[in-house]
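Participant: Structure file work.txt, compact mmCIF, C-alpha atoms and all ligand atoms, is pasted below:
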```
# COMPACT_ATOMS: atom_id res chain seq x y z
CA MET A 17 13.49 74.43 23.15
CA ALA A 18 15.53 71.22 23.44
CA LEU A 19 14.05 68.20 25.22
CA LYS A 20 15.94 67.74 28.51
CA ILE A 21 17.02 64.10 28.79
CA GLY A 22 18.41 62.13 31.73
CA VAL A 23 20.41 58.96 31.04
CA ILE A 24 20.09 56.06 33.49
CA GLY A 25 23.01 53.74 32.67
CA THR A 26 26.16 54.98 30.96
CA GLY A 27 27.49 51.62 29.72
CA ALA A 28 28.10 50.82 26.04
CA ILE A 29 24.66 51.59 24.55
CA GLY A 30 24.03 54.50 26.96
CA ARG A 31 27.23 56.22 25.79
CA ASP A 32 26.35 55.46 22.18
CA HIS A 33 22.94 57.16 22.56
CA ILE A 34 24.58 60.14 24.32
CA ARG A 35 27.00 60.44 21.38
CA ARG A 36 24.18 60.40 18.81
CA ILE A 37 22.03 62.92 20.76
CA THR A 38 24.95 65.33 21.19
CA SER A 39 26.47 65.01 17.71
CA ASN A 40 24.00 63.52 15.17
CA LEU A 41 20.45 64.29 16.25
CA SER A 42 18.45 67.45 16.85
CA GLY A 43 16.13 68.64 19.60
CA GLY A 44 17.63 66.79 22.59
CA GLN A 45 20.02 67.83 25.36
CA ILE A 46 21.52 65.56 28.04
CA THR A 47 21.02 67.30 31.39
CA ALA A 48 21.46 64.45 33.90
CA VAL A 49 23.22 61.09 34.16
CA THR A 50 23.42 58.24 36.65
CA ASP A 51 25.08 54.84 36.74
CA VAL A 52 26.12 52.28 39.38
CA ASN A 53 29.63 53.01 38.15
CA GLU A 54 29.99 56.63 39.33
CA THR A 55 33.46 57.11 37.84
CA ALA A 56 32.27 55.98 34.40
CA ALA A 57 29.19 58.25 34.51
CA LYS A 58 31.23 61.30 35.50
CA ALA A 59 33.78 60.50 32.80
CA VAL A 60 30.96 60.57 30.20
CA ILE A 61 30.09 64.15 31.22
CA ASP A 62 33.68 65.21 30.45
CA GLU A 63 34.07 63.04 27.35
CA TYR A 64 31.04 64.58 25.60
CA GLY A 65 31.33 68.04 27.20
CA LEU A 66 27.80 67.71 28.64
CA GLN A 67 26.09 70.46 30.65
CA ALA A 68 24.77 67.68 32.86
CA THR A 69 24.59 66.77 36.55
CA PHE A 70 25.52 63.38 37.99
CA TYR A 71 22.99 61.82 40.40
CA VAL A 72 23.71 58.82 42.62
CA ASN A 73 20.71 56.79 41.40
CA ASP A 74 17.58 56.82 39.23
CA GLN A 75 15.30 58.00 42.08
CA GLU A 76 17.44 61.04 42.77
CA LEU A 77 17.78 61.83 39.06
CA LEU A 78 13.99 61.72 38.67
CA GLU A 79 13.32 63.77 41.80
CA LYS A 80 16.01 66.44 41.48
CA GLY A 81 17.12 66.36 37.83
CA ASP A 82 15.99 68.97 35.30
CA VAL A 83 14.59 66.36 32.89
CA ASP A 84 11.54 65.98 30.60
CA ALA A 85 12.43 62.42 29.60
CA VAL A 86 14.83 59.59 30.48
CA LEU A 87 16.75 56.97 28.53
CA ILE A 88 17.05 53.71 30.47
CA THR A 89 20.18 51.98 29.26
CA SER A 90 21.24 50.20 32.43
CA TRP A 91 21.62 46.48 33.05
CA GLY A 92 18.40 44.62 32.04
CA PRO A 93 17.30 43.50 35.55
CA ALA A 94 17.31 47.17 36.67
CA HIS A 95 14.95 48.38 33.91
CA GLU A 96 11.58 47.65 35.52
CA GLN A 97 12.23 49.65 38.68
CA SER A 98 13.52 52.66 36.70
CA VAL A 99 10.61 52.59 34.21
CA LEU A 100 8.04 52.43 37.04
CA ALA A 101 9.75 55.31 38.87
CA ALA A 102 9.80 57.40 35.67
CA ILE A 103 6.08 56.78 35.02
CA GLU A 104 5.34 57.70 38.65
CA ALA A 105 7.25 60.97 38.07
CA GLY A 106 5.28 61.56 34.83
CA LYS A 107 8.40 61.50 32.60
CA TYR A 108 8.66 60.11 29.10
CA VAL A 109 10.83 56.97 28.98
CA PHE A 110 12.92 55.36 26.28
CA CYS A 111 13.86 51.91 27.65
CA GLU A 112 16.36 49.62 25.97
CA LYS A 113 15.25 46.00 25.71
CA PRO A 114 14.25 44.18 27.84
CA LEU A 115 11.43 46.37 29.14
CA ALA A 116 11.51 44.03 32.17
CA THR A 117 13.06 40.60 32.60
CA THR A 118 9.69 38.93 33.23
CA ALA A 119 6.26 39.11 31.61
CA GLU A 120 4.82 40.01 35.05
CA GLY A 121 7.24 42.94 35.24
CA CYS A 122 6.07 44.15 31.81
CA ARG A 123 2.45 43.87 33.00
CA ARG A 124 3.25 46.04 36.03
CA ILE A 125 4.63 48.69 33.67
CA ILE A 126 1.55 48.43 31.41
CA ASP A 127 -0.74 48.81 34.43
CA ALA A 128 1.20 51.87 35.63
CA GLU A 129 1.03 53.46 32.16
CA ILE A 130 -2.72 52.76 31.89
CA LYS A 131 -3.19 54.31 35.35
CA HIS A 132 -1.27 57.38 34.14
CA GLY A 133 -3.75 57.51 31.24
CA LYS A 134 -1.34 58.21 28.39
CA ARG A 135 1.64 56.57 26.69
CA LEU A 136 4.95 57.52 28.26
CA VAL A 137 7.08 54.48 27.33
CA GLN A 138 8.94 53.60 24.12
CA VAL A 139 10.92 50.34 23.98
CA GLY A 140 14.25 50.16 22.11
CA PHE A 141 13.34 47.76 19.30
CA MET A 142 15.30 49.65 16.66
CA ARG A 143 14.81 47.27 13.73
CA ARG A 144 11.40 48.86 13.08
CA TYR A 145 13.40 51.95 12.06
CA ASP A 146 15.72 50.09 9.63
CA SER A 147 14.93 51.16 6.06
CA GLY A 148 15.03 47.55 4.81
CA TYR A 149 12.46 46.35 7.33
CA VAL A 150 10.32 49.46 6.67
CA GLN A 151 10.27 48.52 2.96
CA LEU A 152 9.35 44.90 3.80
CA LYS A 153 6.47 46.12 5.98
CA GLN A 154 5.20 48.44 3.26
CA ALA A 155 5.26 45.60 0.72
CA ILE A 156 3.36 43.30 3.09
CA ASP A 157 0.81 45.98 4.04
CA GLU A 158 0.23 46.81 0.36
CA GLN A 159 -0.28 43.08 -0.43
CA VAL A 160 2.54 43.19 -3.02
CA ILE A 161 3.06 39.42 -2.48
CA GLY A 162 -0.52 38.59 -1.51
CA GLU A 163 -1.02 36.99 1.91
CA PRO A 164 2.27 36.09 3.65
CA LEU A 165 2.58 32.32 4.17
CA MET A 166 6.09 31.76 5.53
CA ILE A 167 9.11 33.69 6.77
CA ARG A 168 12.69 32.43 6.66
CA CYS A 169 15.15 34.42 8.70
CA ALA A 170 18.63 34.17 10.21
CA HIS A 171 20.49 36.05 12.94
CA ARG A 172 24.20 35.29 12.73
CA ASN A 173 27.09 36.72 14.75
CA PRO A 174 30.79 36.00 14.17
CA GLU A 175 31.36 34.80 17.74
CA SER A 176 29.74 34.85 21.17
CA ALA A 177 31.23 36.07 24.47
CA PRO A 178 32.33 33.44 27.04
CA THR A 179 29.43 34.58 29.27
CA TYR A 180 26.84 33.86 26.52
CA THR A 181 24.49 30.98 27.37
CA SER A 182 22.01 29.01 25.24
CA ASP A 183 18.95 30.87 26.58
CA MET A 184 20.56 34.19 25.60
CA ALA A 185 20.15 33.06 21.99
CA ILE A 186 16.48 33.85 22.69
CA THR A 187 16.56 36.65 25.28
CA ASP A 188 19.42 38.68 23.77
CA THR A 189 19.51 37.64 20.11
CA LEU A 190 16.17 36.32 18.77
CA ILE A 191 14.35 39.00 20.81
CA HIS A 192 14.86 41.43 17.91
CA GLU A 193 13.26 39.00 15.41
CA ILE A 194 10.44 38.34 17.90
CA ASP A 195 9.61 42.05 17.92
CA VAL A 196 10.11 42.92 14.29
CA LEU A 197 8.31 39.89 12.79
CA HIS A 198 5.00 40.33 14.64
CA TRP A 199 5.15 44.03 13.68
CA LEU A 200 5.84 43.11 10.02
CA LEU A 201 2.93 40.68 9.90
CA ASN A 202 0.58 42.60 12.20
CA ASP A 203 -0.14 39.20 13.73
CA ASP A 204 0.40 37.49 17.10
CA TYR A 205 2.41 34.37 17.90
CA LYS A 206 0.58 31.16 18.77
CA SER A 207 3.24 28.49 19.36
CA VAL A 208 6.96 27.75 19.22
CA GLN A 209 9.27 24.77 18.91
CA VAL A 210 13.09 24.76 19.04
CA SER A 211 15.39 22.24 17.34
CA TYR A 212 19.14 21.87 17.42
CA PRO A 213 21.18 20.87 14.39
CA ARG A 214 24.67 19.42 14.79
CA LYS A 215 26.69 21.76 17.04
CA THR A 216 29.45 23.90 15.55
CA ARG A 217 32.95 23.13 16.86
CA HIS A 218 33.38 26.92 17.37
CA ALA A 219 30.77 27.09 20.18
CA LEU A 220 31.87 26.86 23.81
CA SER A 221 31.13 23.56 25.56
CA HIS A 222 28.26 24.92 27.71
CA MET A 223 26.10 26.14 24.83
CA ARG A 224 23.98 24.95 21.90
CA ASP A 225 24.78 26.67 18.63
CA PRO A 226 23.18 26.92 16.06
CA GLN A 227 19.49 26.71 17.01
CA VAL A 228 16.39 26.69 14.81
CA VAL A 229 13.19 28.24 16.14
CA LEU A 230 9.83 27.46 14.50
CA LEU A 231 7.19 30.07 15.35
CA GLU A 232 3.55 29.88 14.27
CA THR A 233 1.24 32.91 14.20
CA ASN A 234 -2.52 33.11 14.77
CA GLY A 235 -2.88 33.85 11.05
CA GLY A 236 -1.11 30.56 10.20
CA VAL A 237 2.24 32.01 9.07
CA LEU A 238 5.17 29.66 9.79
CA ILE A 239 8.47 31.32 10.67
CA THR A 240 11.81 29.52 10.72
CA ALA A 241 14.45 31.55 12.51
CA GLU A 242 18.04 30.37 12.59
CA ILE A 243 20.21 31.68 15.42
CA PHE A 244 23.93 31.04 14.81
CA VAL A 245 26.15 33.12 17.09
CA ASN A 246 29.51 31.57 16.19
CA CYS A 247 29.19 31.58 12.41
CA ARG A 248 32.66 33.15 12.09
CA TYR A 249 32.20 34.93 8.74
CA GLY A 250 30.27 38.07 9.86
CA TYR A 251 27.21 39.72 11.38
CA ASP A 252 24.47 38.71 9.02
CA ILE A 253 20.73 39.39 9.28
CA GLN A 254 18.48 37.68 6.74
CA CYS A 255 14.73 37.86 6.34
CA GLU A 256 12.62 36.56 3.46
CA VAL A 257 8.83 36.69 3.41
CA ILE A 258 7.17 34.15 1.12
CA GLY A 259 3.66 35.12 0.03
CA GLU A 260 0.91 33.79 -2.25
CA ASP A 261 2.07 35.90 -5.20
CA GLY A 262 5.79 36.36 -4.64
CA ILE A 263 8.68 36.83 -2.24
CA VAL A 264 10.12 39.94 -0.59
CA LYS A 265 13.59 39.89 0.94
CA LEU A 266 15.46 42.21 3.31
CA PRO A 267 18.09 44.10 1.27
CA GLU A 268 21.79 43.55 2.02
CA PRO A 269 23.55 46.55 3.63
CA SER A 270 24.84 48.78 0.86
CA SER A 271 28.53 48.28 0.08
CA ILE A 272 30.87 48.58 -2.90
CA SER A 273 31.49 45.45 -4.94
CA ILE A 274 35.06 44.23 -5.26
CA ARG A 275 36.66 42.29 -8.14
CA LYS A 276 39.96 40.87 -7.02
CA GLU A 277 42.07 37.69 -7.38
CA ALA A 278 39.48 35.86 -9.45
CA MET A 279 36.70 36.74 -6.98
CA PHE A 280 33.70 39.09 -7.14
CA GLY A 281 31.80 40.18 -4.04
CA THR A 282 31.01 42.70 -1.30
CA ARG A 283 32.22 43.01 2.27
CA ILE A 284 30.10 41.62 5.11
CA LEU A 285 29.85 43.65 8.33
CA MET A 286 31.32 42.15 11.51
CA ASP A 287 29.73 44.42 14.15
CA TRP A 288 25.98 44.69 14.91
CA LYS A 289 26.41 48.38 15.85
CA ASP A 290 27.39 49.18 12.25
CA ARG A 291 24.53 47.18 10.73
CA PHE A 292 21.79 49.14 12.51
CA ILE A 293 23.51 52.49 13.11
CA GLU A 294 20.97 54.47 11.07
CA ALA A 295 18.07 52.66 12.73
CA TYR A 296 19.38 53.64 16.20
CA ASP A 297 19.63 57.27 15.05
CA ARG A 298 16.07 57.21 13.67
CA GLU A 299 14.52 55.58 16.75
CA ILE A 300 15.99 58.13 19.18
CA GLN A 301 15.14 61.03 16.83
CA ASP A 302 11.58 59.70 16.62
CA PHE A 303 11.43 59.51 20.44
CA ILE A 304 12.50 63.18 20.70
CA ASP A 305 10.22 64.38 17.87
CA SER A 306 7.13 62.50 18.98
CA ILE A 307 7.43 63.89 22.52
CA GLY A 308 7.49 67.32 20.86
CA ARG A 309 4.20 66.42 19.15
CA GLY A 310 2.84 65.11 22.47
CA GLU A 311 2.30 61.52 21.29
CA LEU A 312 4.79 58.61 21.23
CA GLN A 313 4.80 56.55 18.01
CA GLY A 314 7.46 53.87 18.57
CA PRO A 315 7.32 50.35 20.07
CA THR A 316 5.07 50.28 23.15
CA ALA A 317 5.15 48.71 26.60
CA TRP A 318 2.67 46.19 25.11
CA ASP A 319 5.33 45.26 22.51
CA GLY A 320 7.77 44.78 25.40
CA TYR A 321 5.22 42.42 27.00
CA ILE A 322 4.70 40.48 23.72
CA ALA A 323 8.47 40.02 23.46
CA ALA A 324 8.77 38.86 27.09
CA VAL A 325 5.92 36.30 26.86
CA THR A 326 7.20 34.97 23.52
CA ALA A 327 10.79 34.74 24.78
CA ASP A 328 9.61 32.81 27.88
CA ALA A 329 7.80 30.30 25.67
CA CYS A 330 10.88 29.97 23.40
CA VAL A 331 13.13 29.25 26.41
CA LYS A 332 10.59 26.68 27.65
CA ALA A 333 10.62 25.11 24.17
CA GLN A 334 14.44 25.03 24.21
CA GLU A 335 14.28 22.95 27.38
CA SER A 336 11.29 20.72 26.56
CA GLY A 337 11.93 20.09 22.87
CA GLU A 338 8.13 20.24 22.56
CA ARG A 339 5.75 22.64 20.81
CA GLU A 340 4.87 25.27 23.42
CA GLU A 341 1.78 27.49 23.33
CA ILE A 342 2.19 31.27 23.47
CA VAL A 343 -0.67 32.96 25.32
CA PHE A 344 -1.15 36.71 25.84
CA THR A 345 -3.63 38.57 28.00
CA GLU A 346 -6.13 40.84 26.23
CA LYS A 347 -4.60 43.89 24.57
CA PRO A 348 -5.55 47.06 26.49
CA ALA A 349 -7.26 49.95 24.67
CA LEU A 350 -4.25 52.22 25.32
CA TYR A 351 -2.27 50.06 22.85
CA GLY A 352 -5.00 49.73 20.23
CA GLY A 353 -6.96 46.83 21.76
CA GLN A 354 -10.74 46.75 22.10
CA PRO A 355 -11.99 48.94 24.98
CA VAL A 356 -13.24 46.79 27.86
CA SER A 357 -17.07 46.94 27.75
CA GLN A 358 -18.86 48.14 30.87
CA ALA A 359 -21.18 45.48 32.31
P1 LIG B 401 26.78 47.50 29.70
O1 LIG B 401 27.85 48.09 28.84
O2 LIG B 401 27.11 46.35 30.59
O3 LIG B 401 26.21 48.71 30.59
C1 LIG B 401 25.07 48.64 31.36
C2 LIG B 401 25.23 49.27 32.74
O4 LIG B 401 24.77 48.32 33.68
C3 LIG B 401 26.65 49.64 33.16
O5 LIG B 401 26.60 50.74 34.01
C4 LIG B 401 27.10 48.44 33.93
O6 LIG B 401 28.05 48.78 34.94
C5 LIG B 401 25.84 48.00 34.60
N1 LIG B 401 25.91 46.56 34.88
C6 LIG B 401 26.38 45.59 34.08
N2 LIG B 401 26.31 44.39 34.70
C7 LIG B 401 25.78 44.65 35.93
C8 LIG B 401 25.46 43.84 37.04
N3 LIG B 401 25.68 42.52 37.01
N4 LIG B 401 24.91 44.45 38.12
C9 LIG B 401 24.69 45.79 38.15
N5 LIG B 401 25.00 46.59 37.13
C10 LIG B 401 25.52 46.03 36.03
O7 LIG B 401 25.55 47.03 28.81
P2 LIG B 401 24.99 47.63 27.43
O8 LIG B 401 25.53 46.85 26.30
O9 LIG B 401 25.13 49.09 27.42
O10 LIG B 401 23.45 47.21 27.56
C11 LIG B 401 22.54 47.94 28.35
C12 LIG B 401 21.11 47.52 28.01
O11 LIG B 401 20.86 47.86 26.65
C13 LIG B 401 20.85 46.03 28.14
O12 LIG B 401 19.56 45.81 28.64
C14 LIG B 401 20.97 45.51 26.72
O13 LIG B 401 20.17 44.37 26.49
C15 LIG B 401 20.46 46.69 25.93
N6 LIG B 401 21.05 46.76 24.58
C16 LIG B 401 20.20 46.85 23.52
C17 LIG B 401 20.72 46.88 22.26
C18 LIG B 401 19.79 46.95 21.08
O14 LIG B 401 20.19 46.53 20.00
N7 LIG B 401 18.62 47.52 21.18
C19 LIG B 401 22.09 46.82 22.05
C20 LIG B 401 22.91 46.78 23.15
C21 LIG B 401 22.40 46.74 24.42
P3 LIG B 401 29.62 48.54 34.73
O15 LIG B 401 30.07 49.67 33.85
O16 LIG B 401 30.18 48.62 36.10
O17 LIG B 401 29.76 47.20 34.09
```
Any chance you could put this one into C-alpha cells?
Ligand code: NAP
Facilitator:
Amino acid sequence: MALKIGVIGTGAIGRDHIRRITSNLSGGQITAVTDVNETAAKAVIDEYGLQATFYVNDQELLEKGDVDAVLITSWGPAHEQSVLAAIEAGKYVFCEKPLATTAEGCRRIIDAEIKHGKRLVQVGFMRRYDSGYVQLKQAIDEQVIGEPLMIRCAHRNPESAPTYTSDMAITDTLIHEIDVLHWLLNDDYKSVQVSYPRKTRHALSHMRDPQVVLLETNGGVLITAEIFVNCRYGYDIQCEVIGEDGIVKLPEPSSISIRKEAMFGTRILMDWKDRFIEAYDREIQDFIDSIGRGELQGPTAWDGYIAAVTADACVKAQESGEREEIVFTEKPALYGGQPVSQA
C-alpha cells in the first residue's frame, strides 16, 4: 500500500517534490496539502490531479489528514513548529533544510525525537544521494587515498537574487558543503575562519562576494570552501579530497563534448535543480522506502543540528574576521553517540 504523504508548503521545492512523487517515484501518494498561500496550494491539487485534501494549516493537516508522513517544504522559519507538531502526532517527517533556524530549535527537535524513542525525522541534505559524492565517500572509507589531509571545494552560482545577503552565503549556500563534508570525512568541525578576496563587480553593493571559508576538523583536515554566487559562467560544484596517497575528485556532470569554431569542451549547467535532480529523486525515494522498512536511513535531526551550529560559527567568523571555535553538545545514543552511563 502506498505511503500517504501530506505536504506542508507548496512553494517551489514543495511542488517539485510533489511532481517527483506523483510521476517519477514509487510507493508514495500525496493525500493532503497546506500552505499559507491557499490559492497556490489548491492550484497544486488540480495541476497534479491529486486525490488530496487542502487543510488551512499544519496543525489541522496533522490532526485531520489521512497521512502517514509529511514533507515540510515551507519557509525556513516555519520548519521547527511543523516538525515538533509532526513528532507529537507520531508522523514521519521529511524536512527541507534548515531543520530549524537556530541550534536551540534543532535541539528542541532532537529532544522531542528522543522522547518519542525512535527516529522520525529526515533532513533534506540531498547531496549525500548524489552518485559523485557517494563515490567520493566510498573511496575515502576504503582508504583509497590513505588518510584525507585537505579538501578544496567551490560552490558557484551564475548570479544571486537581489534579496541575497552575505550571511546567506553560509546559511543557504555553504550549508550543503557543511553537511556533505562532515559526512564524507566522518569527522566533526572544530573551527572556522572566513576571508574575503577582492569583490566581484557583479555583486550587489550590500554583499561580499566571493568568500573563502577555512574549516578545520577534529581529525586535523583543513577544508577551503570558496563561495562565489555571482560567477556568471554557470552553476558549478567542485570538491577535491587530497589524501596521503592520492587525490579523489567529484566527477563533472555527464554531458556530450562539443568541437566547434576552434574550441573543444562540454556545457556547464546554469540551474542547481538540474545539477542534483537525481539526488533529489533518490533522497525522497529513500525516505519512502525506509519508512516501509520501519527505519529511516537518511540525514538525521542531529545532522540538522551540526549544520546549524557550524553555520552560526561561520556567520560569527564572517563578522569577526577571527578564527571561531565550533562546539557541539554530546551526540545522543539515538544518533549513534555513546549511551549516557547511569550513575
Ligand atoms: P518558496 O518557493 O518561497 O516557498 C516556500 C513557502 O513558504 C511558500 O508557501 C511561500 O509562500 C512561503 N513563504 C515564503 N516567504 C514567506 C514569508 N516571508 N512568510 C511566510 N511564508 C513565506 O521557497 P522554496 O524554494 O520552495 O524553499 C522552501 C524551503 O526549502 C526553504 O527552507 C529552502 O531553504 C528549502 N530548499 C532546499 C533546497 C535544497 O537544495 N535542499 C532547495 C530549495 C529550497 P508564497 O507562495 O506566498 O511566497
Participant: Could you check which of A:Ile304, A:Ile46, A:Val229, A:Val196 is closest to ligand LIG 401 (chain B), using only C-alpha atoms and all ligand atoms?
Facilitator: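 Closest residue, counting only C-alpha atoms and all ligand atoms: A:Val196.
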Participant: Need the shell around region 258-275 of chain A: protein/DNA/RNA residues with any atom at most 9 Å away, counting only C-alpha atoms. Skip same-chain ones fewer than 6 positions apart. Format as a list in words?
Facilitator: Gly148, Tyr149, Gln151, Leu152, Ala155, Ile156, Gln159, Val160, Ile161, Gly162, Glu163, Pro164, Leu165, Met166, Ile167, Arg168, Asp252, Gly281, Thr282, Arg283, Ile284, Leu285 and Arg291 of chain A
Participant: Can you work out which residues are within 10 Å of ligand LIG 401 (chain B), considering only C-alpha atoms and all ligand atoms, and then hand them over as an mmCIF file with C-alpha atoms, in the frame of the given file?
Facilitator:
```cif
data_model
loop_
_atom_site.group_PDB
_atom_site.id
_atom_site.type_symbol
_atom_site.label_atom_id
_atom_site.label_comp_id
_atom_site.auth_asym_id
_atom_site.auth_seq_id
_atom_site.Cartn_x
_atom_site.Cartn_y
_atom_site.Cartn_z
ATOM 1 C CA ILE A 24 20.090 56.060 33.490
ATOM 2 C CA GLY A 25 23.010 53.740 32.670
ATOM 3 C CA THR A 26 26.160 54.980 30.960
ATOM 4 C CA GLY A 27 27.490 51.620 29.720
ATOM 5 C CA ALA A 28 28.100 50.820 26.040
ATOM 6 C CA ILE A 29 24.660 51.590 24.550
ATOM 7 C CA GLY A 30 24.030 54.500 26.960
ATOM 8 C CA ARG A 31 27.230 56.220 25.790
ATOM 9 C CA ASP A 32 26.350 55.460 22.180
ATOM 10 C CA HIS A 33 22.940 57.160 22.560
ATOM 11 C CA THR A 50 23.420 58.240 36.650
ATOM 12 C CA ASP A 51 25.080 54.840 36.740
ATOM 13 C CA VAL A 52 26.120 52.280 39.380
ATOM 14 C CA ASN A 53 29.630 53.010 38.150
ATOM 15 C CA GLU A 54 29.990 56.630 39.330
ATOM 16 C CA THR A 55 33.460 57.110 37.840
ATOM 17 C CA ALA A 56 32.270 55.980 34.400
ATOM 18 C CA ALA A 57 29.190 58.250 34.510
ATOM 19 C CA ILE A 88 17.050 53.710 30.470
ATOM 20 C CA THR A 89 20.180 51.980 29.260
ATOM 21 C CA SER A 90 21.240 50.200 32.430
ATOM 22 C CA TRP A 91 21.620 46.480 33.050
ATOM 23 C CA GLY A 92 18.400 44.620 32.040
ATOM 24 C CA PRO A 93 17.300 43.500 35.550
ATOM 25 C CA ALA A 94 17.310 47.170 36.670
ATOM 26 C CA HIS A 95 14.950 48.380 33.910
ATOM 27 C CA CYS A 111 13.860 51.910 27.650
ATOM 28 C CA GLU A 112 16.360 49.620 25.970
ATOM 29 C CA LYS A 113 15.250 46.000 25.710
ATOM 30 C CA PRO A 114 14.250 44.180 27.840
ATOM 31 C CA LEU A 115 11.430 46.370 29.140
ATOM 32 C CA ALA A 116 11.510 44.030 32.170
ATOM 33 C CA THR A 117 13.060 40.600 32.600
ATOM 34 C CA VAL A 139 10.920 50.340 23.980
ATOM 35 C CA GLY A 140 14.250 50.160 22.110
ATOM 36 C CA PHE A 141 13.340 47.760 19.300
ATOM 37 C CA MET A 142 15.300 49.650 16.660
ATOM 38 C CA ARG A 143 14.810 47.270 13.730
ATOM 39 C CA THR A 187 16.560 36.650 25.280
ATOM 40 C CA ASP A 188 19.420 38.680 23.770
ATOM 41 C CA THR A 189 19.510 37.640 20.110
ATOM 42 C CA ILE A 191 14.350 39.000 20.810
ATOM 43 C CA HIS A 192 14.860 41.430 17.910
ATOM 44 C CA TRP A 288 25.980 44.690 14.910
ATOM 45 C CA LYS A 289 26.410 48.380 15.850
ATOM 46 C CA PHE A 292 21.790 49.140 12.510
ATOM 47 C CA ILE A 293 23.510 52.490 13.110
ATOM 48 C CA ALA A 295 18.070 52.660 12.730
ATOM 49 C CA TYR A 296 19.380 53.640 16.200
#
```
Participant: Please check which residues have atoms at most 12 Å from (16.3, 68.1, 21.3) in the file's coordinates, counting all atoms listed in the file, and write them as a PyMOL selection string.
Facilitator: chain A and resi 17-21+34+36-47+83-85+300-308
Participant: Measuring between all atoms listed in the file, which one of A:Pro348, A:Gly235, A:Pro178, A:Gly250 shows the shortest distance to Leu220 (chain A)?
Facilitator: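 Closest to Leu220 (chain A) of all the choices is A:Pro178.
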Participant: What is the distance, in Å and to one decimal place, between CA of Cys330 (chain A) and CA of Glu96 (chain A)?
Facilitator: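 Computing it gives 21.4 Å between the two atoms.
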Participant: Give me, please, the distance in Å between CA of Cys255 (chain A) and CA of Glu175 (chain A), quoted to one decimal.
Facilitator: 20.4 Å
Participant: Using all atoms listed in the file, which residues sit within 9 Å of Val208 (chain A) once same-chain residues fewer than 4 positions away are excluded, as a list of chain:residue names?
Facilitator: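 Within the cut-off, the hits are A:Val229, A:Leu230, A:Leu231, A:Glu232, A:Thr326, A:Ala329, A:Cys330, A:Ala333, A:Glu338, A:Arg339, A:Glu340, A:Glu341, A:Ile342.
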Participant: Please tell me which residues are no farther than 8 Å from (9.2, 56.9, 38.3) in the file, counting only C-alpha atoms, and write them as a list of chain:residue names.
Facilitator: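 I get A:Gln75, A:Leu78, A:Gln97, A:Ser98, A:Val99, A:Leu100, A:Ala101, A:Ala102, A:Ile103, A:Glu104, A:Ala105, A:Gly106, A:Lys107 for the residues within 8 Å of that point.
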Participant: With all atoms listed in the file as the atoms that count, which of A:Ile253, A:Leu312, A:Val86, A:Leu350 lies nearest to Asp146 (chain A)?
Facilitator: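 For Asp146 (chain A), the nearest of the given residues is A:Ile253.
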Participant: When distances are computed from all atoms listed in the file, which of A:Cys247, A:Ala324, A:Ile186, A:Ile130 shows the smallest separation from Tyr351 (chain A)?
Facilitator: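 Distance minimum relative to Tyr351 (chain A) lands on A:Ile130.
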Participant: Which residues are close to Thr181 (chain A), i.e. within 9 Å by only C-alpha atoms, leaving aside same-chain residues fewer than 6 positions away? Reply as a list of chain:residue names.
Facilitator: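 Near Thr181 (chain A), the qualifying residues are A:His222, A:Met223, A:Arg224.
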Participant: Can you measure CA of Asp195 (chain A) to CA of Pro226 (chain A) for me? One decimal in Å is fine.
Facilitator: 20.4 Å
Participant: Closest to Thr69 (chain A) among A:Val23, A:Val109, A:Leu200, A:Ile125, using only C-alpha atoms?
Facilitator: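 Closest candidate: A:Val23.
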Participant: For Glu242 (chain A), which residue out of A:Asp290, A:Glu193, A:Asp319, A:Glu120 is the nearest one, using all atoms listed in the file?
Facilitator: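 Ranked by minimum distance to Glu242 (chain A), first place goes to A:Glu193.
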